[in-house]
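K.L.:
Sharing input-v9.cif here; it has mmCIF, C-alpha atoms.
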```cif
data_input
loop_
_atom_site.label_atom_id
_atom_site.label_comp_id
_atom_site.auth_asym_id
_atom_site.auth_seq_id
_atom_site.Cartn_x
_atom_site.Cartn_y
_atom_site.Cartn_z
CA MET A 1 106.35 73.71 71.04
CA HIS A 2 105.23 73.61 74.65
CA ARG A 3 103.02 76.17 76.35
CA ILE A 4 104.05 77.37 79.79
CA ASP A 5 101.64 79.20 82.10
CA VAL A 6 103.99 81.58 83.95
CA HIS A 7 101.40 82.27 86.65
CA LYS A 8 101.18 78.58 87.51
CA LEU A 9 104.96 78.31 87.25
CA VAL A 10 105.42 81.04 89.88
CA ASP A 11 102.72 79.61 92.15
CA GLU A 12 104.34 76.16 92.24
CA ALA A 13 108.01 77.22 92.28
CA LYS A 14 110.21 76.31 95.24
CA PHE A 15 111.99 79.11 97.09
CA ASN A 16 115.52 79.48 95.75
CA ARG A 17 118.32 82.02 95.35
CA PHE A 18 116.34 83.93 92.73
CA HIS A 19 113.48 84.51 95.18
CA ALA A 20 116.00 85.52 97.85
CA LEU A 21 117.55 88.07 95.47
CA VAL A 22 114.17 89.64 94.66
CA LEU A 23 113.33 89.71 98.38
CA CYS A 24 116.65 91.35 99.32
CA TRP A 25 116.30 94.09 96.71
CA CYS A 26 112.70 94.79 97.67
CA VAL A 27 113.58 94.87 101.39
CA LEU A 28 116.48 97.25 100.77
CA ILE A 29 114.33 99.63 98.74
CA ILE A 30 111.58 99.58 101.36
CA ILE A 31 114.12 100.29 104.15
CA ILE A 32 115.30 103.37 102.25
CA ASP A 33 111.69 104.36 101.55
CA GLY A 34 110.78 103.94 105.23
CA TYR A 35 113.74 106.06 106.31
CA ASP A 36 112.82 108.87 103.92
CA LEU A 37 109.25 108.81 105.14
CA ALA A 38 109.97 108.67 108.88
CA VAL A 39 112.77 111.23 108.90
CA ALA A 40 110.41 114.23 108.81
CA GLY A 41 108.50 113.07 111.89
CA ILE A 42 111.72 112.33 113.76
CA ALA A 43 113.11 115.78 113.01
CA LEU A 44 109.80 117.68 113.39
CA PRO A 45 110.43 119.17 116.88
CA SER A 46 113.86 120.45 115.78
CA ILE A 47 112.48 121.79 112.48
CA MET A 48 109.69 123.65 114.31
CA LYS A 49 112.22 125.27 116.62
CA ASP A 50 114.73 126.12 113.89
CA MET A 51 112.18 127.57 111.45
CA ASN A 52 110.02 129.06 114.22
CA VAL A 53 106.75 127.55 112.97
CA ASP A 54 103.62 126.63 114.92
CA ALA A 55 101.91 123.23 115.07
CA SER A 56 99.49 123.97 112.20
CA THR A 57 102.30 124.99 109.84
CA ALA A 58 104.34 121.97 110.91
CA GLY A 59 101.35 119.75 110.12
CA PHE A 60 101.21 121.19 106.61
CA MET A 61 104.96 120.66 106.19
CA ALA A 62 104.60 117.03 107.26
CA SER A 63 101.65 116.55 104.88
CA SER A 64 103.46 117.96 101.84
CA ALA A 65 105.25 114.65 101.24
CA LEU A 66 101.94 112.85 101.61
CA PHE A 67 100.36 114.93 98.84
CA GLY A 68 103.24 113.79 96.65
CA MET A 69 102.76 110.19 97.76
CA MET A 70 99.12 110.28 96.74
CA PHE A 71 99.94 111.36 93.18
CA GLY A 72 103.00 109.11 93.06
CA ALA A 73 101.01 106.02 94.06
CA ILE A 74 98.28 106.66 91.48
CA PHE A 75 100.43 107.66 88.49
CA LEU A 76 103.75 105.92 89.10
CA GLY A 77 101.85 102.85 90.29
CA THR A 78 100.55 102.35 86.74
CA LEU A 79 103.64 103.61 84.86
CA SER A 80 105.29 100.19 85.01
CA ASP A 81 102.75 98.88 82.50
CA ARG A 82 104.30 101.24 79.94
CA ILE A 83 108.03 101.40 80.70
CA GLY A 84 108.61 98.34 82.87
CA ARG A 85 108.86 97.88 86.60
CA ARG A 86 112.67 98.21 86.88
CA TRP A 87 112.70 101.68 85.32
CA THR A 88 109.68 102.80 87.34
CA ILE A 89 111.27 101.67 90.60
CA SER A 90 114.54 103.38 89.63
CA ILE A 91 112.74 106.65 88.89
CA CYS A 92 111.07 106.47 92.30
CA VAL A 93 114.38 105.84 94.08
CA PHE A 94 115.88 108.85 92.29
CA LEU A 95 112.98 111.09 93.30
CA PHE A 96 112.85 110.26 97.00
CA SER A 97 116.64 110.13 97.48
CA VAL A 98 117.55 113.37 95.71
CA PHE A 99 114.68 115.52 96.97
CA THR A 100 114.78 114.24 100.56
CA ALA A 101 118.47 115.18 100.62
CA ALA A 102 117.65 118.56 99.05
CA ALA A 103 115.11 119.26 101.82
CA GLY A 104 118.03 119.26 104.24
CA PHE A 105 119.21 122.50 102.64
CA ALA A 106 115.82 124.26 102.95
CA SER A 107 115.70 127.29 105.23
CA ASP A 108 112.00 128.10 105.15
CA PRO A 109 108.80 126.01 105.43
CA TYR A 110 107.70 126.71 101.83
CA THR A 111 110.86 125.44 100.14
CA PHE A 112 110.92 122.50 102.52
CA SER A 113 107.30 121.62 101.64
CA VAL A 114 107.91 121.76 97.87
CA LEU A 115 110.97 119.51 98.12
CA ARG A 116 109.12 117.05 100.36
CA PHE A 117 106.24 116.97 97.85
CA LEU A 118 108.67 115.98 95.09
CA ALA A 119 110.26 113.35 97.34
CA GLY A 120 106.77 112.08 98.13
CA LEU A 121 106.16 111.28 94.46
CA GLY A 122 108.91 108.66 94.67
CA ILE A 123 108.02 107.46 98.18
CA GLY A 124 104.41 106.85 97.16
CA GLY A 125 105.17 105.52 93.70
CA VAL A 126 107.63 102.84 94.76
CA MET A 127 105.25 101.06 97.17
CA PRO A 128 102.69 99.61 94.70
CA ASN A 129 105.47 98.58 92.33
CA ILE A 130 107.50 96.85 95.03
CA VAL A 131 104.43 95.07 96.43
CA ALA A 132 103.41 93.94 92.93
CA GLN A 133 106.97 92.75 92.25
CA MET A 134 107.18 90.70 95.44
CA THR A 135 103.67 89.29 95.04
CA GLU A 136 104.32 88.34 91.42
CA TYR A 137 107.51 86.39 92.14
CA SER A 138 106.52 84.72 95.44
CA PRO A 139 105.47 81.05 95.60
CA LYS A 140 101.81 80.83 96.50
CA THR A 141 102.30 78.96 99.79
CA ILE A 142 104.48 81.70 101.30
CA ARG A 143 103.22 84.75 99.39
CA SER A 144 101.82 86.70 102.35
CA ARG A 145 104.95 86.06 104.39
CA MET A 146 107.22 87.15 101.56
CA VAL A 147 105.35 90.43 101.12
CA THR A 148 105.15 91.18 104.84
CA ILE A 149 108.79 90.24 105.44
CA MET A 150 109.66 92.62 102.63
CA PHE A 151 107.51 95.34 104.11
CA SER A 152 109.11 94.89 107.52
CA GLY A 153 111.91 96.87 105.92
CA TYR A 154 109.58 99.85 106.24
CA ALA A 155 109.78 99.53 110.02
CA VAL A 156 113.55 99.00 109.82
CA GLY A 157 113.74 102.28 107.92
CA GLY A 158 111.76 103.98 110.68
CA ILE A 159 114.05 102.49 113.33
CA LEU A 160 117.09 103.62 111.36
CA ALA A 161 115.68 107.15 111.13
CA ALA A 162 115.06 107.21 114.89
CA LEU A 163 118.58 105.92 115.65
CA VAL A 164 120.25 108.34 113.25
CA GLY A 165 118.10 111.17 114.59
CA LYS A 166 118.93 110.33 118.19
CA GLN A 167 122.64 110.22 117.36
CA PHE A 168 123.01 113.22 115.04
CA ILE A 169 120.18 115.76 115.38
CA GLU A 170 121.37 117.28 118.65
CA SER A 171 125.03 117.32 117.50
CA TYR A 172 124.75 118.21 113.81
CA GLY A 173 121.23 119.57 113.40
CA TRP A 174 118.12 118.15 111.76
CA GLN A 175 119.62 118.75 108.30
CA SER A 176 122.07 115.87 108.72
CA VAL A 177 119.40 113.16 108.72
CA PHE A 178 117.92 114.51 105.47
CA ILE A 179 121.22 114.88 103.63
CA ALA A 180 122.13 111.27 104.47
CA ALA A 181 119.05 110.16 102.49
CA GLY A 182 120.75 111.07 99.20
CA VAL A 183 123.22 108.17 99.30
CA PRO A 184 120.83 105.47 97.90
CA VAL A 185 120.72 107.19 94.49
CA LEU A 186 123.97 105.28 93.86
CA LEU A 187 121.97 102.02 93.84
CA ILE A 188 120.02 102.83 90.67
CA PRO A 189 122.46 101.20 88.18
CA PHE A 190 122.43 98.01 90.26
CA ILE A 191 118.63 97.98 90.42
CA LEU A 192 118.43 98.23 86.63
CA LYS A 193 120.93 95.42 86.23
CA MET A 194 119.86 92.96 88.93
CA MET A 195 116.11 93.47 89.49
CA PRO A 196 114.04 91.13 87.26
CA GLU A 197 111.42 92.66 85.01
CA SER A 198 107.72 91.92 85.37
CA LEU A 199 106.69 88.72 83.57
CA PRO A 200 103.52 90.20 81.97
CA PHE A 201 105.61 93.13 80.69
CA LEU A 202 108.15 90.78 79.09
CA ILE A 203 105.41 88.68 77.50
CA LYS A 204 103.54 91.74 76.26
CA HIS A 205 106.69 93.13 74.64
CA HIS A 206 107.78 89.71 73.26
CA ASP A 207 111.13 89.93 75.05
CA ASP A 208 111.82 86.21 74.77
CA THR A 209 115.51 86.44 75.70
CA HIS A 210 114.95 88.08 79.09
CA LEU A 211 111.81 86.04 79.67
CA ARG A 212 113.71 82.76 79.28
CA GLN A 213 116.45 84.05 81.60
CA VAL A 214 113.94 84.95 84.33
CA VAL A 215 111.99 81.70 83.97
CA GLY A 216 115.24 79.71 84.05
CA ARG A 217 116.23 81.32 87.36
CA LEU A 218 112.71 81.09 88.75
CA ALA A 219 112.39 77.35 88.05
CA PRO A 220 115.89 75.85 87.53
CA ASP A 221 114.44 72.34 87.18
CA LEU A 222 112.31 73.32 84.20
CA ARG A 223 113.89 72.16 80.94
CA MET A 224 113.06 74.62 78.19
CA GLU A 225 113.30 73.75 74.53
CA ALA A 226 114.24 76.05 71.66
CA HIS A 227 110.70 77.27 71.06
CA GLU A 228 108.53 77.75 74.13
CA GLU A 229 105.26 79.67 74.23
CA PHE A 230 104.85 81.62 77.47
CA LEU A 231 101.26 82.38 78.35
CA LEU A 232 99.22 84.18 80.98
CA PRO A 233 95.76 83.19 82.25
CA ALA A 234 92.95 85.21 80.66
CA GLU A 235 92.32 87.03 83.95
CA ASP A 236 95.95 88.19 84.03
CA LYS A 237 95.92 89.78 80.59
CA ALA A 238 95.66 93.55 80.77
CA GLY A 239 92.78 95.24 79.00
CA ALA A 240 92.58 98.75 77.63
CA ALA A 241 91.25 100.26 80.87
CA PRO A 242 92.83 98.54 83.91
CA VAL A 243 91.20 100.98 86.37
CA ARG A 244 87.77 99.94 85.09
CA GLN A 245 88.70 96.31 85.69
CA LEU A 246 88.98 97.03 89.42
CA PHE A 247 85.17 97.25 89.44
CA GLN A 248 84.47 94.16 87.31
CA ASP A 249 83.91 90.49 88.16
CA GLY A 250 82.32 91.21 91.54
CA ARG A 251 85.15 93.48 92.76
CA ALA A 252 83.31 96.85 92.84
CA LEU A 253 82.28 96.93 96.53
CA SER A 254 85.53 95.35 97.64
CA THR A 255 87.57 97.94 95.72
CA ILE A 256 85.76 100.75 97.56
CA MET A 257 86.23 98.92 100.88
CA PHE A 258 89.97 98.57 100.18
CA TRP A 259 90.14 102.32 99.57
CA ILE A 260 88.36 103.05 102.86
CA ALA A 261 90.53 100.57 104.78
CA PHE A 262 93.71 102.06 103.29
CA PHE A 263 92.46 105.56 104.15
CA MET A 264 91.95 104.58 107.78
CA GLY A 265 95.12 102.52 108.06
CA LEU A 266 97.30 105.23 106.57
CA PHE A 267 95.58 107.84 108.73
CA MET A 268 96.69 105.93 111.83
CA ILE A 269 100.24 105.40 110.56
CA TYR A 270 100.92 108.98 109.53
CA ALA A 271 99.25 110.50 112.54
CA LEU A 272 101.69 108.48 114.67
CA SER A 273 104.77 108.85 112.47
CA SER A 274 104.32 112.62 112.24
CA TRP A 275 103.25 113.43 115.79
CA LEU A 276 104.12 110.63 118.22
CA THR A 277 107.50 112.16 119.13
CA LYS A 278 105.92 115.59 119.64
CA LEU A 279 102.91 114.23 121.58
CA MET A 280 105.13 112.27 123.97
CA ALA A 281 107.33 115.36 124.43
CA MET A 282 104.16 117.32 125.28
CA ALA A 283 103.31 114.63 127.81
CA GLY A 284 106.51 115.51 129.66
CA TYR A 285 109.01 113.02 128.27
CA SER A 286 112.49 114.13 127.22
CA LEU A 287 113.48 114.16 123.53
CA GLY A 288 115.48 110.97 124.04
CA SER A 289 112.53 109.19 125.67
CA ALA A 290 110.12 110.48 123.02
CA LEU A 291 112.37 109.08 120.27
CA THR A 292 112.49 105.77 122.14
CA PHE A 293 108.70 105.59 121.85
CA SER A 294 109.17 105.92 118.09
CA LEU A 295 111.65 103.04 118.21
CA ALA A 296 109.12 100.92 120.14
CA LEU A 297 106.42 101.76 117.57
CA ASN A 298 108.61 100.60 114.68
CA VAL A 299 109.83 97.46 116.44
CA GLY A 300 106.19 96.55 117.03
CA ALA A 301 105.42 97.26 113.39
CA MET A 302 108.14 94.86 112.24
CA VAL A 303 106.87 92.13 114.56
CA GLY A 304 103.30 92.77 113.40
CA ALA A 305 104.24 92.57 109.73
CA ILE A 306 106.08 89.26 110.03
CA SER A 307 103.63 87.60 112.44
CA GLY A 308 100.66 88.97 110.49
CA GLY A 309 102.07 87.53 107.26
CA TRP A 310 102.55 84.14 108.88
CA LEU A 311 98.97 84.17 110.21
CA ALA A 312 97.67 85.30 106.80
CA ASP A 313 99.26 82.27 105.12
CA LYS A 314 97.81 79.93 107.75
CA PHE A 315 94.32 81.44 108.08
CA ASN A 316 91.96 83.65 106.09
CA ILE A 317 93.93 86.86 105.46
CA LYS A 318 90.77 88.98 105.49
CA TYR A 319 89.84 88.07 109.06
CA VAL A 320 93.42 88.34 110.26
CA LEU A 321 93.33 91.93 109.04
CA VAL A 322 89.95 92.72 110.60
CA ILE A 323 91.21 91.56 113.99
CA MET A 324 94.50 93.48 113.66
CA TYR A 325 92.75 96.76 112.76
CA ALA A 326 90.28 96.33 115.64
CA LEU A 327 93.08 95.60 118.12
CA GLY A 328 94.91 98.68 116.84
CA ALA A 329 91.94 100.79 117.91
CA VAL A 330 91.91 99.11 121.33
CA PHE A 331 95.63 99.63 121.99
CA LEU A 332 95.45 103.26 120.85
CA TYR A 333 92.66 103.84 123.36
CA MET A 334 94.81 102.19 126.04
CA MET A 335 97.40 104.94 125.49
CA THR A 336 94.94 107.33 127.14
CA ILE A 337 95.15 105.34 130.38
CA LYS A 338 97.82 106.49 132.83
CA THR A 339 100.42 103.80 133.49
CA SER A 340 104.15 103.34 134.02
CA GLN A 341 106.62 104.29 131.29
CA GLU A 342 107.70 100.65 130.87
CA VAL A 343 104.12 99.47 130.30
CA LEU A 344 103.55 102.38 127.94
CA TYR A 345 106.51 101.22 125.82
CA VAL A 346 104.81 97.82 125.47
CA ILE A 347 101.48 99.42 124.54
CA VAL A 348 103.17 101.63 121.92
CA ALA A 349 104.87 98.53 120.46
CA LEU A 350 101.48 96.79 120.26
CA VAL A 351 100.06 99.87 118.56
CA GLY A 352 102.84 99.55 115.97
CA THR A 353 101.99 95.85 115.54
CA CYS A 354 98.33 96.56 114.80
CA THR A 355 98.68 99.79 112.78
CA THR A 356 101.78 99.78 110.60
CA GLY A 357 102.02 95.98 110.85
CA ALA A 358 98.38 95.62 109.87
CA GLN A 359 98.73 98.03 106.95
CA ILE A 360 101.61 95.98 105.61
CA VAL A 361 99.40 92.88 105.67
CA ALA A 362 96.73 94.99 103.93
CA TYR A 363 99.18 95.66 101.08
CA ALA A 364 99.76 91.90 100.83
CA TYR A 365 96.01 91.23 100.76
CA CYS A 366 95.42 93.90 98.10
CA GLY A 367 98.23 92.45 95.98
CA GLN A 368 96.72 88.96 96.18
CA TYR A 369 93.17 90.17 95.64
CA TYR A 370 93.68 91.56 92.13
CA PRO A 371 94.81 89.56 89.07
CA MET A 372 98.41 90.04 87.89
CA ALA A 373 97.49 92.36 85.00
CA ILE A 374 95.83 94.95 87.24
CA ARG A 375 97.80 94.28 90.43
CA SER A 376 99.96 97.43 90.32
CA THR A 377 96.91 99.47 89.37
CA GLY A 378 94.81 97.99 92.20
CA ILE A 379 97.50 98.56 94.81
CA GLY A 380 98.36 101.98 93.39
CA MET A 381 94.76 103.21 93.43
CA ALA A 382 94.15 101.89 96.96
CA ALA A 383 97.38 103.46 98.18
CA GLY A 384 96.72 106.70 96.29
CA ILE A 385 93.16 107.12 97.56
CA GLY A 386 94.34 106.03 100.99
CA ARG A 387 96.94 108.79 100.96
CA THR A 388 94.16 111.29 101.53
CA GLY A 389 93.94 109.77 105.01
CA ALA A 390 97.70 110.12 105.37
CA ILE A 391 97.45 113.76 104.27
CA MET A 392 94.63 114.56 106.66
CA ALA A 393 96.27 112.88 109.65
CA PRO A 394 99.14 115.34 110.32
CA LEU A 395 96.82 118.28 109.59
CA LEU A 396 94.05 117.07 111.90
CA ILE A 397 96.38 116.11 114.74
CA GLY A 398 98.24 119.40 114.25
CA LEU A 399 94.90 121.21 114.58
CA LEU A 400 94.02 119.26 117.74
CA VAL A 401 97.45 120.08 119.21
CA SER A 402 97.07 123.78 118.37
CA LEU A 403 93.65 123.81 120.09
CA LYS A 404 95.39 122.59 123.25
CA LEU A 405 92.78 119.89 123.84
CA PRO A 406 93.54 117.11 126.33
CA LEU A 407 96.26 114.82 125.01
CA GLU A 408 93.88 111.85 125.17
CA GLN A 409 91.69 113.33 122.44
CA ASN A 410 94.50 112.88 119.91
CA PHE A 411 94.80 109.15 120.55
CA ILE A 412 91.01 108.64 120.57
CA ALA A 413 90.80 110.32 117.15
CA ILE A 414 93.44 107.94 115.79
CA ALA A 415 91.75 104.92 117.43
CA THR A 416 88.44 105.75 115.72
CA ALA A 417 90.12 105.33 112.34
CA GLY A 418 91.21 101.81 113.29
CA ALA A 419 87.66 100.79 114.18
CA LEU A 420 86.28 102.14 110.89
CA GLY A 421 89.02 100.37 108.94
CA ALA A 422 88.10 97.05 110.55
CA ILE A 423 84.46 97.52 109.51
CA ALA A 424 85.45 98.29 105.90
CA LEU A 425 87.63 95.17 105.67
CA ALA A 426 84.78 93.03 106.96
CA PHE A 427 82.71 93.97 103.89
CA ILE A 428 85.31 92.84 101.33
CA ASN A 429 84.05 89.98 99.15
CA HIS A 430 86.87 87.50 99.63
CA ARG A 431 85.29 85.05 97.16
CA ALA A 432 86.12 87.49 94.34
CA SER A 433 89.82 87.47 95.22
CA ALA A 434 92.22 86.26 92.53
CA SER A 435 93.91 84.16 95.23
CA THR A 436 90.82 81.96 95.59
CA HIS A 437 90.50 80.96 91.92
CA HIS A 438 92.71 80.56 88.89
CA ASP A 439 91.85 80.01 85.24
CA ASP A 440 94.61 78.15 83.40
CA ALA A 441 96.00 79.87 80.32
CA VAL A 442 95.58 76.75 78.22
CA PRO A 443 93.68 74.06 80.20
CA ASP A 444 94.94 70.51 79.93
CA THR A 445 97.73 71.40 77.49
CA ILE A 446 100.43 72.69 79.78
CA PRO A 447 102.89 69.92 80.55
CA PRO A 448 104.04 69.28 84.10
CA LEU A 449 107.47 70.56 85.09
CA ARG A 450 110.16 68.24 83.85
CA GLU A 451 113.30 67.82 85.87
CA VAL A 452 116.66 67.98 84.18
CA PRO A 453 118.30 64.54 84.27
CA ALA A 454 121.14 64.28 86.76
#
```
Turn this file's structure into structure tokens for me.

P.N.:
Amino acid sequence: MHRIDVHKLVDEAKFNRFHALVLCWCVLIIIIDGYDLAVAGIALPSIMKDMNVDASTAGFMASSALFGMMFGAIFLGTLSDRIGRRWTISICVFLFSVFTAAAGFASDPYTFSVLRFLAGLGIGGVMPNIVAQMTEYSPKTIRSRMVTIMFSGYAVGGILAALVGKQFIESYGWQSVFIAAGVPVLLIPFILKMMPESLPFLIKHHDDTHLRQVVGRLAPDLRMEAHEEFLLPAEDKAGAAPVRQLFQDGRALSTIMFWIAFFMGLFMIYALSSWLTKLMAMAGYSLGSALTFSLALNVGAMVGAISGGWLADKFNIKYVLVIMYALGAVFLYMMTIKTSQEVLYVIVALVGTCTTGAQIVAYAYCGQYYPMAIRSTGIGMAAGIGRTGAIMAPLLIGLLVSLKLPLEQNFIAIATAGALGAIALAFINHRASASTHHDDAVPDTIPPLREVPA
């Protein structure tokens, strides 16, 4: 019998069709998730007009999904430890597809808010599970890039929402862009069939058949014998209280700093996703131009995610993030300076690069920071606590808009969050990151990978 450390196996694997399949599924799910999240902000001006609500009420309507996302990230982020990651992801897809579509049939702000809360459970719950899935199956040398490429689908979803909104809202009403969100529920059977299960879950439940199938696709050159023992490093074995483990082994301060950074990052993202179209319309731009600013924001986010992931694999991911958050604050402040519309498009794109793009890199860093056994919990708690920033953002900006303060004050408020996020990230103890050390499951007894003879 040979002992195989699956963590080491994943770290040293070469990118192949199996990795590409996991990446494609994760990207597709994140695109759908991004669409469902962005659609409310895109349709907000039309919803306000149709339901005859003021800015404060609209801010509450936009935040209702974020309340759901907070609970979804915390509770559904840890559910995969009990029922498996495939089923948890499928439940999330069902929630955000069905209830986003149902919101398109709402005729009053209260029904709309309840349905968006239910959709938010799935939107928030899928993120930590997808990040954990991509982090778990990515080779170590390209892990940050894999996660950020995957998360660029979030920006693609935002772009898709803006394009669909620009094409259909004026002709068919805001309801059309919500109803279209119900189509992805048809993907659930394919997710259950094609998405690989988490390796720790398979080992914990002694599912040797599926475990051997996944390992065989992950490392085709590994020749497995009839009786193999699959092991995890001690640090990757889940204990009875995974939340408590977030504060052990020198991670306590860093865990709090992750929560603060996520709060600030998500505050920036949701302030912009919920109100950018409305703020630019208030600045005198037409609806078409205002939606184009949203497109620029999401294009910048996609560029920021991919370039940030590449930089994170080449340099220290912590300091890449600190710089991105700080630059986000700078570019948001630059939006208060009067300039031409063309230059403003570029600034908005750079804002997207250093807000949404930076937050995507933050998810990658959080996923790498925690050991495999508490990875979903670590990401879920950071995302869940961070959602309070996402919840506050539409409400606070809605309040500022209702007070009719100068437009610049809105962007300065958002920029302040970026500066505070950069400070929090600077205090993270990178030496305690799971990516900087690794305890072998069985030192000196795990054989090297053996190639199958030609």

K.L.:
Please identify all polymer residues within 7 Å of Asp313 in chain A, counting only C-alpha atoms, omitting same-chain residues fewer than 4 positions from it, and present them as JSON, numbers by chain.

P.N.:
{"A": [141, 142, 144, 145, 309]}

K.L.:
Selected by the PyMOL selection byres ((chain A and resi 254) around 9) in the shown coordinates: which residues, as a ChimeraX atom specification?

P.N.:
/A:247,250-253,255-259,424-425,427-430,432

K.L.:
Would you list the contacts of range 316-332 of chain A as a PDB file with C-alpha atoms, in the frame of the given file, taking every protein, DNA or RNA residue within 8 Å and counting all atoms listed in the file, but skipping same-chain residues closer than 3 positions in sequence?

P.N.:
```pdb
ATOM      1  CA  GLY A 265      95.120 102.520 108.060  1.00  0.00           C
ATOM      2  CA  GLY A 308     100.660  88.970 110.490  1.00  0.00           C
ATOM      3  CA  LEU A 311      98.970  84.170 110.210  1.00  0.00           C
ATOM      4  CA  ALA A 312      97.670  85.300 106.800  1.00  0.00           C
ATOM      5  CA  ASP A 313      99.260  82.270 105.120  1.00  0.00           C
ATOM      6  CA  MET A 335      97.400 104.940 125.490  1.00  0.00           C
ATOM      7  CA  THR A 336      94.940 107.330 127.140  1.00  0.00           C
ATOM      8  CA  ILE A 347     101.480  99.420 124.540  1.00  0.00           C
ATOM      9  CA  VAL A 348     103.170 101.630 121.920  1.00  0.00           C
ATOM     10  CA  LEU A 350     101.480  96.790 120.260  1.00  0.00           C
ATOM     11  CA  VAL A 351     100.060  99.870 118.560  1.00  0.00           C
ATOM     12  CA  THR A 353     101.990  95.850 115.540  1.00  0.00           C
ATOM     13  CA  CYS A 354      98.330  96.560 114.800  1.00  0.00           C
ATOM     14  CA  THR A 355      98.680  99.790 112.780  1.00  0.00           C
ATOM     15  CA  ALA A 358      98.380  95.620 109.870  1.00  0.00           C
ATOM     16  CA  VAL A 361      99.400  92.880 105.670  1.00  0.00           C
ATOM     17  CA  ALA A 362      96.730  94.990 103.930  1.00  0.00           C
ATOM     18  CA  TYR A 365      96.010  91.230 100.760  1.00  0.00           C
ATOM     19  CA  PHE A 411      94.800 109.150 120.550  1.00  0.00           C
ATOM     20  CA  ILE A 412      91.010 108.640 120.570  1.00  0.00           C
ATOM     21  CA  ILE A 414      93.440 107.940 115.790  1.00  0.00           C
ATOM     22  CA  ALA A 415      91.750 104.920 117.430  1.00  0.00           C
ATOM     23  CA  THR A 416      88.440 105.750 115.720  1.00  0.00           C
ATOM     24  CA  ALA A 417      90.120 105.330 112.340  1.00  0.00           C
ATOM     25  CA  GLY A 418      91.210 101.810 113.290  1.00  0.00           C
ATOM     26  CA  ALA A 419      87.660 100.790 114.180  1.00  0.00           C
ATOM     27  CA  GLY A 421      89.020 100.370 108.940  1.00  0.00           C
ATOM     28  CA  ALA A 422      88.100  97.050 110.550  1.00  0.00           C
ATOM     29  CA  ILE A 423      84.460  97.520 109.510  1.00  0.00           C
ATOM     30  CA  LEU A 425      87.630  95.170 105.670  1.00  0.00           C
ATOM     31  CA  ALA A 426      84.780  93.030 106.960  1.00  0.00           C
ATOM     32  CA  ILE A 428      85.310  92.840 101.330  1.00  0.00           C
ATOM     33  CA  HIS A 430      86.870  87.500  99.630  1.00  0.00           C
TER      34      HIS A 430
END
```

K.L.:
Considering only C-alpha atoms, state which residue in the set A:Val27, A:Val114, A:Leu396, A:Met146 is at the smallest distance from Ala364 in chain A.

P.N.:
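Nearest to Ala364 in chain A: A:Met146.
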
K.L.:
Wanna dump the range 67-159 of chain A-range 32-49 of chain A contacts at 6 Å for me, each residue with its shortest atom pair and the distance in Å to one decimal, counting all atoms listed in the file, ordered by chain and number, as CSV?

P.N.:
```
residue,atom,partner,partner_atom,distance
A:Ile123,CA,A:Asp33,CA,5.9
A:Tyr154,CA,A:Gly34,CA,4.4
A:Gly157,CA,A:Tyr35,CA,4.1
A:Gly158,CA,A:Tyr35,CA,5.2
```

K.L.:
Could you take the residues named above and write them with C-alpha atoms, as a PDB file, in the coordinates of the input?

P.N.:
```
ATOM      1  CA  ILE A 123     108.020 107.460  98.180  1.00  0.00           C
ATOM      2  CA  TYR A 154     109.580  99.850 106.240  1.00  0.00           C
ATOM      3  CA  GLY A 157     113.740 102.280 107.920  1.00  0.00           C
ATOM      4  CA  GLY A 158     111.760 103.980 110.680  1.00  0.00           C
TER       5      GLY A 158
END
```
